[in-house]
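J.: The structure file model_10.csv (CSV, C-alpha atoms) is provided below.
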```
chain,number,residue,atom,x,y,z
D,220,MET,CA,11.8,5.3,-17.6
D,221,ALA,CA,8.4,6.1,-19.1
D,222,ARG,CA,7.5,9.8,-19.4
D,223,ILE,CA,4.7,10.7,-17.0
D,224,THR,CA,2.0,13.3,-17.7
D,225,TYR,CA,0.3,14.9,-14.7
D,226,ARG,CA,-3.2,16.2,-15.2
D,227,GLU,CA,-4.6,18.6,-12.6
D,228,SER,CA,-8.3,18.1,-12.1
D,229,PRO,CA,-10.7,18.9,-9.2
D,230,CYS,CA,-12.7,16.2,-7.5
D,231,THR,CA,-16.2,16.2,-6.0
D,232,SER,CA,-15.5,13.9,-3.1
D,233,ALA,CA,-12.5,12.6,-1.2
D,234,LEU,CA,-13.6,9.8,1.1
D,235,ASN,CA,-14.7,6.5,-0.3
D,236,ARG,CA,-16.9,4.2,1.7
D,237,VAL,CA,-15.4,0.7,2.0
D,238,THR,CA,-17.1,-2.6,2.6
D,239,GLY,CA,-15.6,-6.0,3.2
D,240,MET,CA,-12.3,-4.6,4.3
D,241,PRO,CA,-10.5,-4.1,7.7
D,242,PHE,CA,-11.1,-0.3,7.4
D,243,ALA,CA,-14.2,1.7,6.9
D,244,TRP,CA,-13.0,4.4,4.5
D,245,SER,CA,-10.3,4.9,1.9
D,246,LEU,CA,-9.0,8.0,0.1
D,247,ASN,CA,-6.6,8.5,-2.9
D,248,PRO,CA,-5.3,12.0,-3.7
D,249,TYR,CA,-4.2,10.8,-7.1
D,250,THR,CA,-5.6,8.5,-9.8
D,251,GLY,CA,-3.0,6.4,-11.6
D,252,CYS,CA,0.4,5.6,-10.2
D,253,SER,CA,3.8,6.2,-11.8
D,254,HIS,CA,5.3,3.3,-9.9
D,255,ARG,CA,3.6,1.2,-12.6
D,256,CYS,CA,3.9,-2.2,-10.8
D,257,ALA,CA,3.2,-5.1,-13.1
D,258,PHE,CA,1.0,-6.7,-10.6
D,259,CYS,CA,-1.1,-3.6,-9.5
D,260,TYR,CA,-4.7,-4.7,-9.1
D,261,VAL,CA,-5.8,-1.2,-10.0
D,262,ARG,CA,-5.1,-2.1,-13.7
D,263,SER,CA,-8.3,-4.1,-13.6
D,264,PHE,CA,-10.3,-1.1,-12.5
D,265,GLU,CA,-8.7,0.9,-15.3
D,266,ARG,CA,-9.7,-1.7,-17.9
D,267,ARG,CA,-13.3,-1.7,-16.7
D,268,ALA,CA,-13.3,2.1,-17.0
D,269,ASP,CA,-12.0,1.8,-20.6
D,270,ARG,CA,-8.7,3.3,-19.6
D,271,PRO,CA,-5.2,1.8,-20.4
D,272,SER,CA,-4.2,-1.1,-18.2
D,273,ASP,CA,-1.3,-2.2,-20.3
D,274,GLU,CA,2.2,-0.6,-20.4
D,275,ARG,CA,0.6,2.8,-20.7
D,276,TYR,CA,-0.9,2.6,-17.2
D,277,GLY,CA,0.7,5.1,-14.8
D,278,THR,CA,2.0,7.3,-17.6
D,279,ASN,CA,-1.0,9.6,-17.1
D,280,VAL,CA,-1.6,10.6,-13.4
D,281,ARG,CA,-4.6,12.6,-12.4
D,282,VAL,CA,-3.9,15.1,-9.6
D,283,LYS,CA,-7.0,15.9,-7.6
D,284,SER,CA,-6.1,19.5,-7.2
D,285,ASN,CA,-8.7,20.5,-4.6
D,286,PHE,CA,-8.5,17.2,-2.7
D,287,VAL,CA,-7.4,18.5,0.7
D,288,ALA,CA,-10.1,21.2,0.7
D,289,VAL,CA,-12.8,18.7,-0.2
D,290,LEU,CA,-11.6,16.3,2.5
D,291,ARG,CA,-11.6,19.0,5.1
D,292,ALA,CA,-15.2,19.8,4.2
D,293,GLU,CA,-16.2,16.1,4.5
D,294,LEU,CA,-14.4,15.7,7.9
D,295,ALA,CA,-16.1,18.8,9.2
D,296,ARG,CA,-19.6,17.4,8.8
D,297,ARG,CA,-21.6,16.7,11.9
D,298,SER,CA,-22.2,13.2,10.6
D,299,TRP,CA,-18.5,12.3,10.4
D,300,ARG,CA,-17.8,9.5,13.0
D,301,ARG,CA,-14.0,9.5,12.8
D,302,GLU,CA,-13.8,6.0,11.5
D,303,PRO,CA,-10.5,4.6,10.4
D,304,VAL,CA,-9.3,5.8,6.9
D,305,ALA,CA,-6.8,4.0,4.6
D,306,ILE,CA,-4.6,6.2,2.6
D,307,GLY,CA,-3.2,4.6,-0.6
D,308,ALA,CA,-5.7,1.7,-1.2
D,309,ALA,CA,-5.7,2.3,-4.9
D,310,THR,CA,-2.7,4.5,-5.7
D,311,ASP,CA,0.5,5.1,-3.8
D,312,PRO,CA,0.2,8.4,-1.9
D,313,TYR,CA,3.9,8.9,-2.0
D,314,GLN,CA,4.5,8.5,-5.7
D,315,PRO,CA,6.7,11.2,-7.3
D,316,ALA,CA,3.8,13.6,-7.9
D,317,GLU,CA,3.6,14.1,-4.1
D,318,SER,CA,6.9,16.0,-4.1
D,319,ARG,CA,5.3,18.8,-5.9
D,320,TYR,CA,1.6,18.7,-5.0
D,321,ARG,CA,1.9,17.7,-1.3
D,322,LEU,CA,-1.7,16.4,-1.2
D,323,THR,CA,-0.8,13.5,1.0
D,324,ARG,CA,0.9,15.7,3.5
D,325,GLY,CA,-2.2,18.0,3.6
D,326,THR,CA,-4.4,14.9,4.0
D,327,ILE,CA,-2.4,13.8,7.1
D,328,GLU,CA,-2.7,17.2,8.6
D,329,ALA,CA,-6.5,17.3,8.0
D,330,LEU,CA,-7.1,13.8,9.4
D,331,SER,CA,-5.1,14.7,12.5
D,332,GLU,CA,-6.9,18.0,13.0
D,333,PHE,CA,-10.3,16.2,12.8
D,334,ARG,CA,-9.1,13.4,15.1
D,335,THR,CA,-9.5,10.7,12.5
D,336,PRO,CA,-7.3,7.6,12.7
D,337,PHE,CA,-5.5,6.5,9.6
D,338,HIS,CA,-3.4,3.8,8.0
D,339,ILE,CA,-0.9,4.3,5.1
D,340,LEU,CA,0.2,1.8,2.6
D,341,THR,CA,3.2,2.9,0.5
D,342,ARG,CA,6.3,1.9,-1.5
D,343,GLY,CA,7.5,5.5,-1.5
D,344,PRO,CA,10.5,6.7,0.5
D,345,MET,CA,9.1,10.2,0.2
D,346,ILE,CA,7.1,9.4,3.3
D,347,LEU,CA,10.2,10.3,5.3
D,348,ARG,CA,9.6,14.0,4.4
D,349,ASP,CA,6.4,13.8,6.5
D,350,VAL,CA,7.8,12.4,9.7
D,351,ASP,CA,7.0,15.7,11.4
D,352,VAL,CA,3.3,15.6,10.6
D,353,LEU,CA,3.1,11.8,11.1
D,354,THR,CA,4.6,12.0,14.6
D,355,ALA,CA,2.3,15.0,15.4
D,356,ALA,CA,-0.7,13.0,14.2
D,357,ALA,CA,0.2,9.9,16.1
D,358,GLN,CA,-0.1,11.9,19.4
D,359,ARG,CA,-3.7,12.7,18.5
D,360,VAL,CA,-5.0,9.6,16.7
D,361,ARG,CA,-4.1,6.0,15.9
D,362,VAL,CA,-1.6,6.0,13.1
D,363,SER,CA,0.0,3.0,11.3
D,364,VAL,CA,2.2,2.7,8.2
D,365,ASN,CA,2.7,-0.4,6.1
D,366,VAL,CA,5.8,-0.3,3.8
D,367,SER,CA,5.4,-2.7,1.0
D,368,ILE,CA,8.5,-4.9,0.5
D,369,PRO,CA,7.5,-8.3,-0.9
D,370,THR,CA,11.1,-9.4,-1.9
D,371,LEU,CA,14.7,-8.2,-1.6
D,372,ASP,CA,15.6,-9.7,-5.0
D,373,PRO,CA,16.8,-6.8,-7.2
D,374,HIS,CA,15.9,-8.6,-10.4
D,375,VAL,CA,12.3,-9.2,-9.3
D,376,VAL,CA,12.0,-5.6,-8.1
D,377,LYS,CA,13.3,-4.1,-11.3
D,378,ALA,CA,11.0,-6.3,-13.5
D,379,MET,CA,7.9,-6.1,-11.5
D,380,GLU,CA,8.1,-2.7,-9.7
D,381,PRO,CA,9.8,-0.6,-12.3
D,382,GLY,CA,9.1,2.8,-10.8
D,383,VAL,CA,9.8,1.9,-7.1
D,384,ALA,CA,12.9,2.4,-5.0
D,385,PRO,CA,15.1,-0.6,-4.2
D,386,ALA,CA,14.0,-2.8,-1.4
D,387,ALA,CA,16.9,-1.8,0.8
D,388,THR,CA,15.9,1.8,0.6
D,389,ARG,CA,12.3,0.9,1.6
D,390,MET,CA,13.7,-1.1,4.5
D,391,ARG,CA,15.6,2.0,5.7
D,392,VAL,CA,12.2,3.8,5.6
D,393,VAL,CA,10.9,1.3,8.1
D,394,ARG,CA,13.9,1.8,10.4
D,395,THR,CA,13.5,5.6,10.3
D,396,LEU,CA,9.8,5.6,11.0
D,397,VAL,CA,10.1,3.1,13.8
D,398,ALA,CA,12.9,5.2,15.4
D,399,ALA,CA,10.5,8.2,15.3
D,400,GLY,CA,7.9,6.2,17.2
D,401,ILE,CA,5.6,5.4,14.3
D,402,ASP,CA,3.9,2.0,14.3
D,403,THR,CA,5.4,0.6,11.0
D,404,ALA,CA,4.9,-2.8,9.5
D,405,VAL,CA,6.4,-4.6,6.4
D,406,ALA,CA,3.8,-5.7,4.0
D,407,MET,CA,5.1,-8.7,2.0
D,408,ALA,CA,2.5,-8.2,-0.7
D,409,PRO,CA,2.0,-9.5,-3.2
D,410,ILE,CA,4.1,-12.7,-2.9
D,411,LEU,CA,4.7,-14.0,-6.5
D,412,PRO,CA,4.7,-17.8,-7.0
D,413,GLY,CA,8.0,-19.0,-8.3
D,414,LEU,CA,9.7,-15.7,-7.7
D,415,SER,CA,9.3,-14.6,-4.1
D,416,ASP,CA,7.5,-17.5,-2.4
D,417,GLY,CA,10.6,-19.5,-1.6
D,418,MET,CA,11.4,-20.1,2.1
D,419,GLU,CA,14.8,-18.3,1.8
D,420,SER,CA,13.3,-15.3,-0.1
D,421,MET,CA,10.6,-14.8,2.5
D,422,ALA,CA,12.9,-15.4,5.4
D,423,ALA,CA,15.3,-12.8,4.1
D,424,VAL,CA,12.6,-10.2,4.1
D,425,VAL,CA,11.5,-11.1,7.6
D,426,ARG,CA,15.1,-11.0,8.9
D,427,ALA,CA,15.6,-7.6,7.4
D,428,ALA,CA,12.3,-6.4,8.8
D,429,ARG,CA,13.3,-7.6,12.3
D,430,GLU,CA,16.6,-5.7,11.9
D,431,ALA,CA,14.8,-2.6,10.8
D,432,GLY,CA,12.5,-2.8,13.9
D,433,ALA,CA,9.2,-3.5,12.1
D,434,THR,CA,6.4,-3.8,14.5
D,435,ARG,CA,4.9,-6.7,12.4
D,436,VAL,CA,5.0,-8.3,9.0
D,437,TRP,CA,2.1,-9.7,6.9
D,438,ALA,CA,1.9,-11.4,3.6
D,439,LYS,CA,-0.6,-11.9,0.8
D,440,GLY,CA,-0.5,-13.8,-2.5
D,441,LEU,CA,-0.8,-12.3,-6.0
D,442,TYR,CA,-4.3,-11.3,-7.1
D,443,LEU,CA,-4.8,-11.4,-10.9
D,444,GLN,CA,-8.0,-9.9,-12.3
D,445,PRO,CA,-8.5,-9.3,-16.0
D,446,GLY,CA,-6.6,-6.1,-16.9
D,447,THR,CA,-3.9,-6.9,-14.4
D,448,ARG,CA,-3.5,-10.5,-15.5
D,449,GLU,CA,-2.6,-9.8,-19.2
D,450,HIS,CA,0.0,-7.2,-18.3
D,451,PHE,CA,1.5,-9.2,-15.5
D,452,LEU,CA,1.8,-12.4,-17.5
D,453,ALA,CA,3.4,-10.5,-20.4
D,454,ALA,CA,6.0,-9.0,-18.0
D,455,LEU,CA,6.5,-12.4,-16.4
D,456,SER,CA,7.0,-14.1,-19.8
D,457,ALA,CA,9.6,-11.5,-20.8
D,458,GLU,CA,11.8,-12.4,-17.9
D,459,TRP,CA,10.8,-15.9,-16.7
D,460,PRO,CA,9.1,-17.7,-19.6
D,461,ALA,CA,9.4,-21.0,-17.8
D,462,LEU,CA,6.9,-19.9,-15.2
D,463,ALA,CA,4.1,-19.4,-17.7
D,464,THR,CA,2.7,-22.9,-17.2
D,465,THR,CA,2.9,-22.6,-13.4
D,466,TYR,CA,0.7,-19.4,-13.5
D,467,ALA,CA,-1.7,-20.9,-16.0
D,468,ARG,CA,-2.3,-23.8,-13.5
D,469,LEU,CA,-2.5,-21.7,-10.4
D,470,TYR,CA,-4.9,-19.1,-11.8
D,471,ARG,CA,-7.0,-21.2,-14.2
D,472,ARG,CA,-10.1,-21.0,-12.1
D,473,SER,CA,-9.8,-17.7,-10.2
D,474,ALA,CA,-8.1,-14.4,-9.9
D,475,TYR,CA,-6.9,-15.5,-6.4
D,476,LEU,CA,-4.3,-18.1,-5.6
D,477,PRO,CA,-5.8,-21.4,-4.5
D,478,LYS,CA,-6.6,-21.2,-0.8
D,479,ASP,CA,-4.1,-23.8,0.2
D,480,VAL,CA,-1.3,-22.0,-1.6
D,481,ASP,CA,-2.1,-18.6,-0.2
D,482,GLY,CA,-2.7,-20.1,3.2
D,483,ALA,CA,0.7,-21.7,3.2
D,484,ILE,CA,2.3,-18.4,2.3
D,485,ARG,CA,0.6,-16.6,5.2
D,486,THR,CA,1.4,-19.4,7.6
D,487,THR,CA,5.0,-19.5,6.6
D,488,VAL,CA,5.4,-15.8,7.1
D,489,LYS,CA,3.6,-15.9,10.4
D,490,GLU,CA,5.9,-18.7,11.6
D,491,LEU,CA,9.0,-16.8,10.4
D,492,ALA,CA,7.9,-13.7,12.2
D,493,GLN,CA,7.6,-15.7,15.4
D,494,GLU,CA,10.9,-17.4,14.9
D,495,HIS,CA,12.7,-14.1,14.3
D,496,GLY,CA,10.9,-12.2,17.1
D,497,ILE,CA,9.0,-9.7,15.1
D,498,GLY,CA,7.0,-7.5,17.5
D,499,ASP,CA,6.5,-3.9,18.7
D,500,ARG,CA,10.0,-3.1,20.1
D,501,ARG,CA,9.8,0.7,19.6
D,502,ALA,CA,11.9,2.7,22.1
D,503,ILE,CA,9.4,5.5,21.5
D,504,ARG,CA,5.7,4.6,21.2
D,505,LEU,CA,3.6,7.5,20.1
D,506,ALA,CA,0.0,7.2,21.0
D,507,PRO,CA,-3.0,9.5,21.3
D,508,THR,CA,-3.1,11.5,24.5
D,509,ALA,CA,-6.8,12.1,24.4
D,510,VAL,CA,-9.5,9.5,24.8
D,511,GLU,CA,-10.3,7.9,21.4
D,512,ALA,CA,-13.8,8.3,19.9
D,513,PRO,CA,-15.8,5.2,19.3
D,514,GLY,CA,-14.6,3.3,16.3
D,515,GLU,CA,-11.0,4.6,16.4
D,516,GLN,CA,-9.4,1.2,16.0
D,517,LEU,CA,-7.0,0.8,13.1
D,518,ALA,CA,-6.5,-2.3,11.0
D,519,LEU,CA,-3.2,-4.0,11.3
D,520,GLY,CA,-2.9,-4.8,7.6
D,521,LEU,CA,-4.8,-4.7,4.3
D,522,GLY,CA,-6.8,-7.6,3.2
D,523,ALA,CA,-7.8,-8.7,-0.3
D,524,ALA,CA,-8.2,-6.2,-3.1
D,525,SER,CA,-11.7,-4.8,-3.4
D,526,SER,CA,-13.5,-2.6,-5.9
D,527,ALA,CA,-14.4,-0.5,-2.9
D,528,GLY,CA,-10.8,0.8,-2.9
D,529,ALA,CA,-11.2,2.4,-6.3
D,530,CYS,CA,-10.7,6.1,-6.7
D,531,THR,CA,-13.7,8.4,-6.3
D,532,GLU,CA,-14.1,10.8,-9.2
```
Rewrite the structure from the file as structure tokens, please.
T.:
Amino acid sequence: MARITYRESPCTSALNRVTGMPFAWSLNPYTGCSHRCAFCYVRSFERRADRPSDERYGTNVRVKSNFVAVLRAELARRSWRREPVAIGAATDPYQPAESRYRLTRGTIEALSEFRTPFHILTRGPMILRDVDVLTAAAQRVRVSVNVSIPTLDPHVVKAMEPGVAPAATRMRVVRTLVAAGIDTAVAMAPILPGLSDGMESMAAVVRAAREAGATRVWAKGLYLQPGTREHFLAALSAEWPALATTYARLYRRSAYLPKDVDGAIRTTVKELAQEHGIGDRRAIRLAPTAVEAPGEQLALGLGAASSAGACTE
């Protein structure tokens, strides 16, 4: 495991305005992510900012030490309209640093207090520590969690998500959150051509999601911008060199998968979800007891990566 350096540094703002996405705002208590996923699209932002996007990415994590205080001040403004906020659009809010700094926990408490709906995307089992504040928040505002589990294959997970807990552990997170009444989905993203796009691979995730009680599943293909592309292809070649020509063909014109390929992945997962009866089967369904303010509608899944999700300095 790589040694991680944590750098405490104050921020001047917490909320990032987002355009072209299914949510209005994002926030990230940390810059950099020690999960160090080979496919992380944030590597491309790091390259543009002249910061390491290679194997050094994620070994230096900035902790926005005053983040919760700054967020509270922004939420207290008369102009704040309580629009949906995505937590973890650019870094995982439940990476290991959170065990010490508790910025994500403070963020949830602040959003709940100011009646702001929110959506969390994470690969981190540490979210179970915050079941108490999540359930309390879900009775005040719309709350949803997406746990990222693109494959159950331990070889692919180890090679491509080196700092992340095993898929089975993340699926247990889904089960626990759903049992607590939290709207929790499985995000099959990104799906990797030749590694996790096979019918049986995707069906295995959907079956496990159904068993865990996931309220829904969604999928998205791999996005390879410069910065991410170089590191990912190096990691791919180290483990699966025969796939190099496949990726050269698929990504020769764009950072996105061809529309027909990505569309086929989404359609297959949608059909698998229908076949296996994925839906909201929670025994406890936490929901706000007060009337929601205008705009308090939460997205049901993240869309394509966007520079609007980058961290605010």
J.: Mind listing whatever residues come within 7 Å of the point (-1.8, -9.7, -3.0)? Use all atoms listed in the file, file coordinates, and give them as a PyMOL selection string.
T.: chain D and resi 408-410+439-442+523
J.: What gap, in Å, lies between CA of Arg226 in chain D and CA of Cys259 in chain D?
T.: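 Taking CA of Arg226 in chain D and CA of Cys259 in chain D, their separation equals 20.7 Å.
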J.: I'd like to know which of D:Leu330, D:Ala438, D:Val289, D:Val376 is closest to Leu491 in chain D, using all atoms listed in the file.
T.: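 Closest to Leu491 in chain D of all the choices is D:Ala438.
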J.: Fewer than 5 positions away in the same chain doesn't count, so skip those; otherwise give me all residues within 6 Å of range 345-362 of chain D, counting all atoms listed in the file, as a PyMOL selection string.
T.: chain D and resi 313+331+334+336-338+505-508
J.: Identify which of the residues D:Gly432, D:Ser298, D:Ser367, D:Trp459 lies closest to Ala399 in chain D, counting only C-alpha atoms when measuring atom-to-atom distances.
T.: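 Comparing D:Gly432, D:Ser298, D:Ser367, D:Trp459 against Ala399 in chain D, the winner is D:Gly432.
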J.: Please measure the separation of CA of Gly496 in chain D and CA of Thr403 in chain D, giving the value in Å to one decimal.
T.: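 Computed distance, CA of Gly496 in chain D to CA of Thr403 in chain D, equals 15.2 Å.
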J.: Could you check which of D:Val405, D:Ala257, D:Val237, D:Val424 is closest to Thr447 in chain D, using all atoms listed in the file?
T.: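 Among the listed residues, D:Ala257 lies closest to Thr447 in chain D.
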J.: Skipping near chain neighbours, those fewer than 4 positions away, what residues fall within 8 Å of range 466-472 of chain D using only C-alpha atoms, listed as a PyMOL selection string?
T.: chain D and resi 412+443+462+476-477
J.: Restricting the calculation to all atoms listed in the file, which member of D:Tyr225, D:Phe258, D:Phe451, D:Phe333 is positioned closest to Arg300 in chain D?
T.: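 Nearest to Arg300 in chain D: D:Phe333.
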J.: Tell me, as a list in words, which residues lie within 7 Å of range 252-255 of chain D, counting only C-alpha atoms; anything in the same chain fewer than 6 positions away does not count.
T.: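 Counting only the stated atoms, we get Ile223, Tyr276, Gly277, Thr278, Val280, Thr310, Asp311, Gln314, Glu380, Pro381, Gly382 and Val383 of chain D.
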J.: CA of Ser228 in chain D and CA of Asn279 in chain D are how many Å apart?
T.: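 That distance, rounded to one decimal, is 12.3 Å.
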J.: My list of candidates is D:Glu227, D:Glu302, D:Ala288, D:Arg236. Which is closest to Arg319 in chain D when distances are computed with all atoms listed in the file?
T.: D:Glu227
J.: Counting only C-alpha atoms, which of D:Ala474, D:Val261, D:Val393, D:Met379 gets nearest to Ala427 in chain D?
T.: D:Val393
J.: Show me as number ranges by chain the residues that reach within 7 Å of (6.9, -3.0, 1.5), counting all atoms listed in the file and using the file's own coordinates.
T.: D: 342, 365-369, 389, 405-407
J.: Would you save the residues from that selection as a PDB file, keeping the file's coordinate frame, using C-alpha atoms?
T.:
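Heads up, here's the output in part14.pdb:
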```
ATOM      1  CA  ARG D 342       6.300   1.900  -1.500  1.00  0.00           C
ATOM      2  CA  ASN D 365       2.700  -0.400   6.100  1.00  0.00           C
ATOM      3  CA  VAL D 366       5.800  -0.300   3.800  1.00  0.00           C
ATOM      4  CA  SER D 367       5.400  -2.700   1.000  1.00  0.00           C
ATOM      5  CA  ILE D 368       8.500  -4.900   0.500  1.00  0.00           C
ATOM      6  CA  PRO D 369       7.500  -8.300  -0.900  1.00  0.00           C
ATOM      7  CA  ARG D 389      12.300   0.900   1.600  1.00  0.00           C
ATOM      8  CA  VAL D 405       6.400  -4.600   6.400  1.00  0.00           C
ATOM      9  CA  ALA D 406       3.800  -5.700   4.000  1.00  0.00           C
ATOM     10  CA  MET D 407       5.100  -8.700   2.000  1.00  0.00           C
TER      11      MET D 407
END
```
